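protein-v3.txt (compact mmCIF, N, CA and C atoms) appears below.
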# COMPACT_ATOMS: atom_id res chain seq x y z
N MET F 25 -21.48 -15.40 8.68
CA MET F 25 -20.57 -14.61 7.88
C MET F 25 -19.87 -13.60 8.78
N GLU F 26 -18.57 -13.52 8.64
CA GLU F 26 -17.77 -12.59 9.44
C GLU F 26 -17.67 -11.25 8.71
N THR F 27 -17.87 -10.15 9.45
CA THR F 27 -17.70 -8.82 8.85
C THR F 27 -16.57 -8.10 9.57
N HIS F 28 -15.99 -7.12 8.89
CA HIS F 28 -14.84 -6.40 9.43
C HIS F 28 -15.09 -4.91 9.36
N LYS F 29 -14.52 -4.19 10.32
CA LYS F 29 -14.60 -2.73 10.32
C LYS F 29 -13.18 -2.21 10.48
N ASN F 30 -12.71 -1.46 9.52
CA ASN F 30 -11.41 -0.80 9.53
C ASN F 30 -10.23 -1.73 9.22
N ASN F 31 -10.09 -2.84 9.96
CA ASN F 31 -8.94 -3.73 9.83
C ASN F 31 -9.42 -5.17 9.69
N ILE F 32 -8.54 -6.01 9.14
CA ILE F 32 -8.76 -7.45 9.12
C ILE F 32 -7.50 -8.12 9.65
N THR F 33 -7.61 -9.36 10.03
CA THR F 33 -6.45 -10.13 10.45
C THR F 33 -6.25 -11.25 9.43
N LYS F 34 -5.02 -11.34 8.92
CA LYS F 34 -4.65 -12.37 7.95
C LYS F 34 -3.31 -12.96 8.37
N THR F 35 -2.91 -14.02 7.71
CA THR F 35 -1.61 -14.65 7.95
C THR F 35 -0.61 -14.12 6.92
N ALA F 36 0.58 -13.78 7.38
CA ALA F 36 1.63 -13.28 6.48
C ALA F 36 2.23 -14.43 5.69
N SER F 37 2.37 -14.24 4.37
CA SER F 37 2.97 -15.27 3.53
C SER F 37 4.49 -15.18 3.52
N ALA F 38 5.04 -14.08 4.09
CA ALA F 38 6.49 -13.86 4.18
C ALA F 38 6.74 -12.87 5.31
N ASP F 39 7.99 -12.71 5.72
CA ASP F 39 8.33 -11.67 6.69
C ASP F 39 8.00 -10.32 6.08
N MET F 40 7.37 -9.43 6.85
CA MET F 40 7.00 -8.10 6.36
C MET F 40 7.19 -7.07 7.45
N ALA F 41 7.57 -5.88 7.05
CA ALA F 41 7.72 -4.77 7.98
C ALA F 41 6.40 -4.02 8.11
N ARG F 42 6.22 -3.42 9.27
CA ARG F 42 5.07 -2.53 9.48
C ARG F 42 5.08 -1.50 8.35
N GLY F 43 3.92 -1.26 7.74
CA GLY F 43 3.83 -0.30 6.65
C GLY F 43 3.86 -0.90 5.26
N THR F 44 4.02 -2.23 5.16
CA THR F 44 4.00 -2.88 3.85
C THR F 44 2.58 -2.89 3.30
N VAL F 45 2.41 -2.50 2.04
CA VAL F 45 1.11 -2.57 1.38
C VAL F 45 0.94 -3.99 0.85
N VAL F 46 -0.21 -4.60 1.16
CA VAL F 46 -0.41 -6.01 0.84
C VAL F 46 -1.67 -6.26 0.01
N LYS F 47 -1.70 -7.46 -0.57
CA LYS F 47 -2.84 -7.98 -1.32
C LYS F 47 -3.11 -9.38 -0.79
N LEU F 48 -4.24 -9.97 -1.17
CA LEU F 48 -4.47 -11.36 -0.83
C LEU F 48 -3.48 -12.22 -1.60
N ASP F 49 -2.93 -13.23 -0.96
CA ASP F 49 -2.00 -14.15 -1.61
C ASP F 49 -2.75 -14.94 -2.68
N ALA F 50 -2.19 -14.99 -3.88
CA ALA F 50 -2.85 -15.66 -5.01
C ALA F 50 -3.10 -17.14 -4.77
N SER F 51 -2.27 -17.79 -3.95
CA SER F 51 -2.42 -19.23 -3.74
C SER F 51 -3.23 -19.57 -2.49
N ASP F 52 -3.49 -18.58 -1.61
CA ASP F 52 -4.21 -18.85 -0.36
C ASP F 52 -4.79 -17.54 0.16
N ALA F 53 -6.10 -17.35 0.01
CA ALA F 53 -6.76 -16.09 0.39
C ALA F 53 -6.79 -15.83 1.89
N SER F 54 -6.33 -16.79 2.70
CA SER F 54 -6.24 -16.53 4.14
C SER F 54 -4.94 -15.81 4.47
N LYS F 55 -4.08 -15.63 3.45
CA LYS F 55 -2.77 -14.99 3.64
C LYS F 55 -2.68 -13.70 2.84
N VAL F 56 -1.73 -12.84 3.26
CA VAL F 56 -1.44 -11.62 2.51
C VAL F 56 0.02 -11.65 2.06
N ALA F 57 0.27 -10.98 0.92
CA ALA F 57 1.60 -10.88 0.34
C ALA F 57 1.84 -9.43 -0.06
N ALA F 58 3.09 -9.01 -0.09
CA ALA F 58 3.44 -7.65 -0.48
C ALA F 58 3.00 -7.38 -1.92
N CYS F 59 2.52 -6.17 -2.16
CA CYS F 59 2.07 -5.76 -3.49
C CYS F 59 3.23 -5.44 -4.41
N ALA F 60 2.96 -5.58 -5.69
CA ALA F 60 3.84 -5.07 -6.74
C ALA F 60 3.30 -3.71 -7.17
N ALA F 61 4.04 -3.01 -7.99
CA ALA F 61 3.67 -1.65 -8.39
C ALA F 61 2.33 -1.57 -9.12
N THR F 62 1.93 -2.62 -9.80
CA THR F 62 0.70 -2.55 -10.61
C THR F 62 -0.45 -3.38 -10.05
N ASP F 63 -0.41 -3.74 -8.77
CA ASP F 63 -1.46 -4.56 -8.17
C ASP F 63 -2.71 -3.74 -7.85
N THR F 64 -3.70 -3.82 -8.72
CA THR F 64 -4.95 -3.10 -8.46
C THR F 64 -5.74 -3.76 -7.33
N GLY F 65 -5.34 -4.94 -6.91
CA GLY F 65 -6.00 -5.65 -5.82
C GLY F 65 -5.37 -5.37 -4.46
N ALA F 66 -4.65 -4.25 -4.33
CA ALA F 66 -4.06 -3.90 -3.03
C ALA F 66 -5.18 -3.85 -2.00
N LEU F 67 -4.93 -4.47 -0.86
CA LEU F 67 -5.95 -4.63 0.18
C LEU F 67 -5.77 -3.63 1.31
N GLY F 68 -4.53 -3.47 1.78
CA GLY F 68 -4.32 -2.61 2.92
C GLY F 68 -2.87 -2.53 3.32
N VAL F 69 -2.65 -2.00 4.53
CA VAL F 69 -1.31 -1.75 5.05
C VAL F 69 -1.12 -2.54 6.35
N VAL F 70 -0.02 -3.30 6.41
CA VAL F 70 0.30 -4.10 7.58
C VAL F 70 0.59 -3.16 8.77
N LEU F 71 -0.01 -3.46 9.93
CA LEU F 71 0.10 -2.57 11.09
C LEU F 71 1.23 -2.93 12.05
N ASP F 72 1.89 -4.07 11.85
CA ASP F 72 2.99 -4.49 12.73
C ASP F 72 4.04 -5.23 11.93
N ASN F 73 5.26 -5.28 12.44
CA ASN F 73 6.28 -6.17 11.85
C ASN F 73 5.79 -7.60 12.07
N VAL F 74 6.00 -8.46 11.08
CA VAL F 74 5.46 -9.81 11.18
C VAL F 74 6.41 -10.80 10.49
N LYS F 75 6.49 -11.99 11.04
CA LYS F 75 7.25 -13.10 10.45
C LYS F 75 6.29 -13.96 9.62
N SER F 76 6.82 -14.66 8.63
CA SER F 76 6.03 -15.55 7.80
C SER F 76 5.26 -16.54 8.67
N GLY F 77 3.97 -16.70 8.38
CA GLY F 77 3.13 -17.64 9.11
C GLY F 77 2.43 -17.05 10.32
N GLU F 78 2.81 -15.86 10.73
CA GLU F 78 2.15 -15.20 11.87
C GLU F 78 0.94 -14.42 11.40
N ASN F 79 -0.01 -14.21 12.31
CA ASN F 79 -1.17 -13.38 12.03
C ASN F 79 -0.78 -11.91 12.15
N VAL F 80 -1.41 -11.07 11.32
CA VAL F 80 -1.12 -9.64 11.34
C VAL F 80 -2.39 -8.86 11.02
N ALA F 81 -2.55 -7.70 11.67
CA ALA F 81 -3.66 -6.80 11.37
C ALA F 81 -3.31 -5.98 10.14
N VAL F 82 -4.31 -5.80 9.29
CA VAL F 82 -4.15 -5.04 8.05
C VAL F 82 -5.21 -3.95 8.02
N ALA F 83 -4.80 -2.67 7.95
CA ALA F 83 -5.73 -1.56 7.79
C ALA F 83 -6.22 -1.55 6.36
N LEU F 84 -7.52 -1.57 6.15
CA LEU F 84 -8.10 -1.68 4.82
C LEU F 84 -8.09 -0.34 4.09
N LEU F 85 -7.46 -0.32 2.91
CA LEU F 85 -7.39 0.90 2.10
C LEU F 85 -8.80 1.33 1.67
N GLY F 86 -9.10 2.61 1.87
CA GLY F 86 -10.39 3.15 1.47
C GLY F 86 -11.50 2.87 2.44
N ILE F 87 -11.24 2.09 3.49
CA ILE F 87 -12.28 1.72 4.45
C ILE F 87 -11.91 2.12 5.87
N ALA F 88 -10.66 1.90 6.27
CA ALA F 88 -10.22 2.21 7.64
C ALA F 88 -10.52 3.68 7.94
N ASN F 89 -11.03 3.94 9.14
CA ASN F 89 -11.39 5.32 9.50
C ASN F 89 -10.23 6.06 10.17
N HIS F 90 -9.02 5.76 9.74
CA HIS F 90 -7.82 6.42 10.23
C HIS F 90 -6.81 6.46 9.09
N THR F 91 -5.82 7.32 9.22
CA THR F 91 -4.77 7.36 8.21
C THR F 91 -3.93 6.09 8.33
N VAL F 92 -3.13 5.81 7.29
CA VAL F 92 -2.21 4.68 7.32
C VAL F 92 -0.81 5.20 7.07
N GLU F 93 0.20 4.37 7.41
CA GLU F 93 1.60 4.78 7.29
C GLU F 93 2.41 3.75 6.53
N PRO F 94 2.32 3.79 5.19
CA PRO F 94 3.12 2.86 4.40
C PRO F 94 4.58 3.30 4.29
N ILE F 95 5.41 2.38 3.82
CA ILE F 95 6.84 2.63 3.61
C ILE F 95 7.05 3.21 2.22
N ALA F 96 7.78 4.31 2.14
CA ALA F 96 8.08 4.95 0.86
C ALA F 96 9.32 4.31 0.24
N SER F 97 9.37 4.32 -1.09
CA SER F 97 10.55 3.81 -1.80
C SER F 97 11.47 4.95 -2.23
N GLY F 98 11.08 6.17 -1.91
CA GLY F 98 11.87 7.35 -2.27
C GLY F 98 11.15 8.59 -1.80
N ALA F 99 11.62 9.73 -2.25
CA ALA F 99 11.04 11.01 -1.82
C ALA F 99 9.60 11.16 -2.29
N ILE F 100 8.75 11.66 -1.39
CA ILE F 100 7.35 11.98 -1.70
C ILE F 100 7.05 13.29 -0.99
N ALA F 101 6.51 14.26 -1.71
CA ALA F 101 6.15 15.55 -1.11
C ALA F 101 4.79 15.46 -0.43
N ALA F 102 4.64 16.17 0.68
CA ALA F 102 3.32 16.25 1.32
C ALA F 102 2.35 16.87 0.33
N GLY F 103 1.17 16.31 0.22
CA GLY F 103 0.16 16.79 -0.71
C GLY F 103 0.17 16.10 -2.06
N ALA F 104 1.19 15.29 -2.32
CA ALA F 104 1.32 14.60 -3.61
C ALA F 104 0.48 13.32 -3.62
N LYS F 105 0.02 12.94 -4.80
CA LYS F 105 -0.61 11.62 -4.96
C LYS F 105 0.44 10.56 -4.68
N VAL F 106 0.00 9.45 -4.11
CA VAL F 106 0.90 8.36 -3.76
C VAL F 106 0.47 7.10 -4.52
N TYR F 107 1.47 6.41 -5.08
CA TYR F 107 1.23 5.25 -5.93
C TYR F 107 1.95 4.02 -5.38
N LEU F 108 1.45 2.83 -5.71
CA LEU F 108 2.13 1.59 -5.34
C LEU F 108 3.49 1.52 -6.03
N ASP F 109 4.43 0.86 -5.36
CA ASP F 109 5.73 0.57 -5.94
C ASP F 109 6.06 -0.89 -5.60
N ALA F 110 7.20 -1.35 -6.01
CA ALA F 110 7.61 -2.74 -5.78
C ALA F 110 7.76 -3.04 -4.29
N SER F 111 7.68 -4.30 -3.95
CA SER F 111 7.93 -4.81 -2.59
C SER F 111 7.01 -4.21 -1.53
N GLY F 112 5.79 -3.85 -1.90
CA GLY F 112 4.83 -3.34 -0.92
C GLY F 112 5.09 -1.92 -0.46
N LYS F 113 5.91 -1.18 -1.20
CA LYS F 113 6.19 0.22 -0.85
C LYS F 113 5.33 1.14 -1.70
N VAL F 114 5.40 2.44 -1.39
CA VAL F 114 4.69 3.45 -2.16
C VAL F 114 5.67 4.48 -2.68
N ARG F 115 5.25 5.24 -3.70
CA ARG F 115 6.12 6.21 -4.35
C ARG F 115 5.33 7.41 -4.84
N ALA F 116 6.05 8.45 -5.22
CA ALA F 116 5.45 9.59 -5.90
C ALA F 116 5.19 9.19 -7.34
N ALA F 117 4.48 10.03 -8.07
CA ALA F 117 4.21 9.75 -9.48
C ALA F 117 5.51 9.65 -10.26
N PRO F 118 5.63 8.66 -11.13
CA PRO F 118 6.83 8.57 -11.95
C PRO F 118 6.83 9.68 -13.00
N ALA F 119 8.01 10.07 -13.44
CA ALA F 119 8.13 11.06 -14.51
C ALA F 119 7.65 10.44 -15.81
N ALA F 120 7.05 11.26 -16.66
CA ALA F 120 6.63 10.77 -17.97
C ALA F 120 7.84 10.29 -18.75
N GLY F 121 7.68 9.23 -19.50
CA GLY F 121 8.79 8.65 -20.26
C GLY F 121 8.43 8.51 -21.73
N ASP F 122 9.05 7.55 -22.38
CA ASP F 122 8.84 7.31 -23.81
C ASP F 122 7.55 6.56 -24.10
N SER F 123 6.93 5.98 -23.07
CA SER F 123 5.67 5.26 -23.27
C SER F 123 4.75 5.52 -22.08
N ASP F 124 3.46 5.26 -22.27
CA ASP F 124 2.51 5.41 -21.18
C ASP F 124 2.88 4.44 -20.06
N GLN F 125 2.61 4.85 -18.81
CA GLN F 125 2.90 4.01 -17.65
C GLN F 125 1.63 3.78 -16.85
N SER F 126 1.33 2.53 -16.54
CA SER F 126 0.20 2.19 -15.69
C SER F 126 0.65 2.26 -14.24
N VAL F 127 -0.11 2.98 -13.41
CA VAL F 127 0.19 3.13 -11.99
C VAL F 127 -1.09 2.91 -11.19
N VAL F 128 -0.94 2.69 -9.89
CA VAL F 128 -2.09 2.47 -9.02
C VAL F 128 -2.01 3.48 -7.87
N CYS F 129 -2.96 4.41 -7.84
CA CYS F 129 -3.01 5.44 -6.80
C CYS F 129 -3.68 4.88 -5.55
N VAL F 130 -3.07 5.14 -4.37
CA VAL F 130 -3.65 4.67 -3.11
C VAL F 130 -3.91 5.81 -2.13
N GLY F 131 -3.66 7.07 -2.54
CA GLY F 131 -3.99 8.18 -1.65
C GLY F 131 -3.16 9.42 -1.86
N ILE F 132 -3.22 10.29 -0.85
CA ILE F 132 -2.50 11.57 -0.85
C ILE F 132 -1.59 11.60 0.38
N ALA F 133 -0.33 12.01 0.18
CA ALA F 133 0.63 12.10 1.29
C ALA F 133 0.27 13.27 2.20
N LEU F 134 0.18 13.00 3.48
CA LEU F 134 -0.06 14.06 4.47
C LEU F 134 1.25 14.56 5.07
N THR F 135 2.28 13.73 5.00
CA THR F 135 3.61 14.09 5.47
C THR F 135 4.61 13.74 4.37
N PRO F 136 5.76 14.38 4.34
CA PRO F 136 6.75 14.04 3.31
C PRO F 136 7.54 12.79 3.68
N ALA F 137 8.10 12.17 2.66
CA ALA F 137 9.11 11.13 2.83
C ALA F 137 10.34 11.65 2.09
N TYR F 138 11.51 11.43 2.65
CA TYR F 138 12.72 11.97 2.06
C TYR F 138 13.58 10.94 1.36
N ALA F 139 13.37 9.67 1.69
CA ALA F 139 14.24 8.62 1.12
C ALA F 139 13.56 7.26 1.24
N ASP F 140 14.13 6.28 0.57
CA ASP F 140 13.68 4.90 0.65
C ASP F 140 13.66 4.45 2.11
N GLY F 141 12.56 3.84 2.52
CA GLY F 141 12.45 3.32 3.88
C GLY F 141 11.75 4.26 4.85
N ASN F 142 11.55 5.53 4.45
CA ASN F 142 10.80 6.46 5.31
C ASN F 142 9.33 6.07 5.36
N ILE F 143 8.69 6.42 6.43
CA ILE F 143 7.25 6.22 6.57
C ILE F 143 6.56 7.51 6.13
N VAL F 144 5.46 7.39 5.40
CA VAL F 144 4.67 8.54 4.96
C VAL F 144 3.24 8.35 5.45
N GLU F 145 2.69 9.39 6.09
CA GLU F 145 1.29 9.30 6.51
C GLU F 145 0.41 9.55 5.30
N LEU F 146 -0.60 8.73 5.15
CA LEU F 146 -1.39 8.72 3.93
C LEU F 146 -2.88 8.85 4.22
N ALA F 147 -3.51 9.82 3.54
CA ALA F 147 -4.97 9.85 3.47
C ALA F 147 -5.31 8.88 2.35
N HIS F 148 -5.73 7.69 2.70
CA HIS F 148 -5.83 6.58 1.75
C HIS F 148 -7.17 6.53 1.04
N ARG F 149 -7.17 5.76 -0.03
CA ARG F 149 -8.36 5.52 -0.83
C ARG F 149 -8.29 4.10 -1.35
N ALA F 150 -9.40 3.60 -1.87
CA ALA F 150 -9.36 2.31 -2.55
C ALA F 150 -8.45 2.46 -3.75
N PRO F 151 -7.64 1.46 -4.08
CA PRO F 151 -6.70 1.56 -5.20
C PRO F 151 -7.41 1.84 -6.53
N VAL F 152 -6.83 2.79 -7.27
CA VAL F 152 -7.39 3.17 -8.57
C VAL F 152 -6.28 3.18 -9.61
N GLY F 153 -6.47 2.46 -10.70
CA GLY F 153 -5.50 2.45 -11.78
C GLY F 153 -5.54 3.76 -12.55
N GLU F 154 -4.37 4.31 -12.86
CA GLU F 154 -4.24 5.53 -13.65
C GLU F 154 -3.15 5.31 -14.69
N THR F 155 -3.09 6.22 -15.65
CA THR F 155 -2.05 6.16 -16.67
C THR F 155 -1.27 7.48 -16.65
N ILE F 156 0.04 7.38 -16.56
CA ILE F 156 0.92 8.54 -16.72
C ILE F 156 1.26 8.57 -18.21
N ALA F 157 0.80 9.62 -18.90
CA ALA F 157 0.96 9.71 -20.34
C ALA F 157 2.43 9.92 -20.70
N LYS F 158 2.82 9.34 -21.84
CA LYS F 158 4.19 9.50 -22.33
C LYS F 158 4.43 10.95 -22.71
N THR F 159 5.69 11.33 -22.74
CA THR F 159 6.04 12.68 -23.16
C THR F 159 5.78 12.82 -24.65
N ALA F 160 5.40 14.00 -25.03
CA ALA F 160 5.04 14.23 -26.44
C ALA F 160 6.25 14.29 -27.34
Represent the supplied structure as structure tokens.
Amino acid sequence: METHKNNITKTASADMARGTVVKLDASDASKVAACAATDTGALGVVLDNVKSGENVAVALLGIANHTVEPIASGAIAAGAKVYLDASGKVRAAPAAGDSDQSVVCVGIALTPAYADGNIVELAHRAPVGETIAKTA
């Protein structure tokens, strides 16, 4: 049985940028795919730019003994909780709306992000589902 410490190596199911948050590919567990906003099975953060079919190191969320640097989809303040967003990116908490929103927290921002595509340093954790309550 193979064991891993901090990182694992998997095959990319598509081209991905360094900092993409990934999960195991549903059709082939030897591969990783970019997470969606509600993927509670988020595995980790890709450590290098990678083309489809290439091997890539993935820092394991909640296990790696170092911070990770995912790609933000918009502004995130340092010290804010960080949540999964579409296309393997992360975001700040969404504003409360007309209905409850399910989100997946992956850590706390150590540095700010100012716009889509910025890198944010993250004190990471294992993914945890949360609910942003609707406005009263």
List as a tab-separated table (two decimals) with N, CA and C atoms, in the frame of the given file: which residues have an atom within 8 Å of (9.4, 3.1, 1.1), counting only C-alpha atoms?
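Full text of part15.tsv as output:
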chain	number	residue	atom	x	y	z
F	94	PRO	N	2.32	3.79	5.19
F	94	PRO	CA	3.12	2.86	4.40
F	94	PRO	C	4.58	3.30	4.29
F	95	ILE	N	5.41	2.38	3.82
F	95	ILE	CA	6.84	2.63	3.61
F	95	ILE	C	7.05	3.21	2.22
F	96	ALA	N	7.78	4.31	2.14
F	96	ALA	CA	8.08	4.95	0.86
F	96	ALA	C	9.32	4.31	0.24
F	97	SER	N	9.37	4.32	-1.09
F	97	SER	CA	10.55	3.81	-1.80
F	97	SER	C	11.47	4.95	-2.23
F	98	GLY	N	11.08	6.17	-1.91
F	98	GLY	CA	11.87	7.35	-2.27
F	98	GLY	C	11.15	8.59	-1.80
F	113	LYS	N	5.91	-1.18	-1.20
F	113	LYS	CA	6.19	0.22	-0.85
F	113	LYS	C	5.33	1.14	-1.70
F	114	VAL	N	5.40	2.44	-1.39
F	114	VAL	CA	4.69	3.45	-2.16
F	114	VAL	C	5.67	4.48	-2.68
F	115	ARG	N	5.25	5.24	-3.70
F	115	ARG	CA	6.12	6.21	-4.35
F	115	ARG	C	5.33	7.41	-4.84
F	139	ALA	N	13.37	9.67	1.69
F	139	ALA	CA	14.24	8.62	1.12
F	139	ALA	C	13.56	7.26	1.24
F	140	ASP	N	14.13	6.28	0.57
F	140	ASP	CA	13.68	4.90	0.65
F	140	ASP	C	13.66	4.45	2.11
F	141	GLY	N	12.56	3.84	2.52
F	141	GLY	CA	12.45	3.32	3.88
F	141	GLY	C	11.75	4.26	4.85
F	142	ASN	N	11.55	5.53	4.45
F	142	ASN	CA	10.80	6.46	5.31
F	142	ASN	C	9.33	6.07	5.36
F	143	ILE	N	8.69	6.42	6.43
F	143	ILE	CA	7.25	6.22	6.57
F	143	ILE	C	6.56	7.51	6.13
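With distances restricted to only C-alpha atoms, F:Ala99 is the closest residue to Tyr138 of chain F from F:Ala36, F:Ala57, F:Ala41, F:Ala99.
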Just checking: using only N, CA and C atoms, which residue out of F:Ala120, F:Ala88, F:Val82, F:Thr135 ends up closest to Ala102 of chain F? F:Thr135
Using all atoms listed in the file, which residues sit within 6.5 Å of Glu145 of chain F once same-chain residues fewer than 2 positions away are excluded, as number ranges by chain? F: 91-94, 132-136, 143, 147
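With atom CA of Asp122 of chain F on one side and atom CA of Arg149 of chain F on the other, the separation reads 28.8 Å.
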Residue neighbourhood Val128 of chain F, 6 Å, only N, CA and C atoms, exclusion window fewer than 6 positions, as a list of chain:residue names: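 Final neighbour list, sorted by chain and number: F:Ala61, F:Thr62, F:Val106, F:Tyr107, F:Leu108, F:Pro151, F:Val152, F:Gly153, F:Glu154.
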Can you tell me how far atom N of Ala150 of chain F sits from atom N of Val69 of chain F, in Å to one decimal?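 The value is 10.9 Å.
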Considering only C-alpha atoms, return as number ranges by chain whatever protein or nucleic-acid residues lie within 10 Å of Asp72 of chain F, sequence-local ones (same chain, fewer than 3 positions apart) excluded. F: 40-44, 69, 75, 79-82
Output the selection as a short mmCIF file (atom, residue, chain, number, x, y, z; two decimals), keeping the file's coordinate frame - N, CA and C atoms for each residue.
data_model
loop_
_atom_site.label_atom_id
_atom_site.label_comp_id
_atom_site.auth_asym_id
_atom_site.auth_seq_id
_atom_site.Cartn_x
_atom_site.Cartn_y
_atom_site.Cartn_z
N MET F 40 7.37 -9.43 6.85
CA MET F 40 7.00 -8.10 6.36
C MET F 40 7.19 -7.07 7.45
N ALA F 41 7.57 -5.88 7.05
CA ALA F 41 7.72 -4.77 7.98
C ALA F 41 6.40 -4.02 8.11
N ARG F 42 6.22 -3.42 9.27
CA ARG F 42 5.07 -2.53 9.48
C ARG F 42 5.08 -1.50 8.35
N GLY F 43 3.92 -1.26 7.74
CA GLY F 43 3.83 -0.30 6.65
C GLY F 43 3.86 -0.90 5.26
N THR F 44 4.02 -2.23 5.16
CA THR F 44 4.00 -2.88 3.85
C THR F 44 2.58 -2.89 3.30
N VAL F 69 -2.65 -2.00 4.53
CA VAL F 69 -1.31 -1.75 5.05
C VAL F 69 -1.12 -2.54 6.35
N LYS F 75 6.49 -11.99 11.04
CA LYS F 75 7.25 -13.10 10.45
C LYS F 75 6.29 -13.96 9.62
N ASN F 79 -0.01 -14.21 12.31
CA ASN F 79 -1.17 -13.38 12.03
C ASN F 79 -0.78 -11.91 12.15
N VAL F 80 -1.41 -11.07 11.32
CA VAL F 80 -1.12 -9.64 11.34
C VAL F 80 -2.39 -8.86 11.02
N ALA F 81 -2.55 -7.70 11.67
CA ALA F 81 -3.66 -6.80 11.37
C ALA F 81 -3.31 -5.98 10.14
N VAL F 82 -4.31 -5.80 9.29
CA VAL F 82 -4.15 -5.04 8.05
C VAL F 82 -5.21 -3.95 8.02
#
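Closest approach to Leu84 of chain F from the set F:Leu67, F:Ala60, F:His148, F:Lys47 is made by F:Leu67, with distances taken over only C-alpha atoms.
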Pairwise distance for atom CA of Asp49 of chain F and atom CA of Asp63 of chain F, rounded to one decimal in Å: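 Taking atom CA of Asp49 of chain F as the start and atom CA of Asp63 of chain F as the end point, the length is 11.6 Å.
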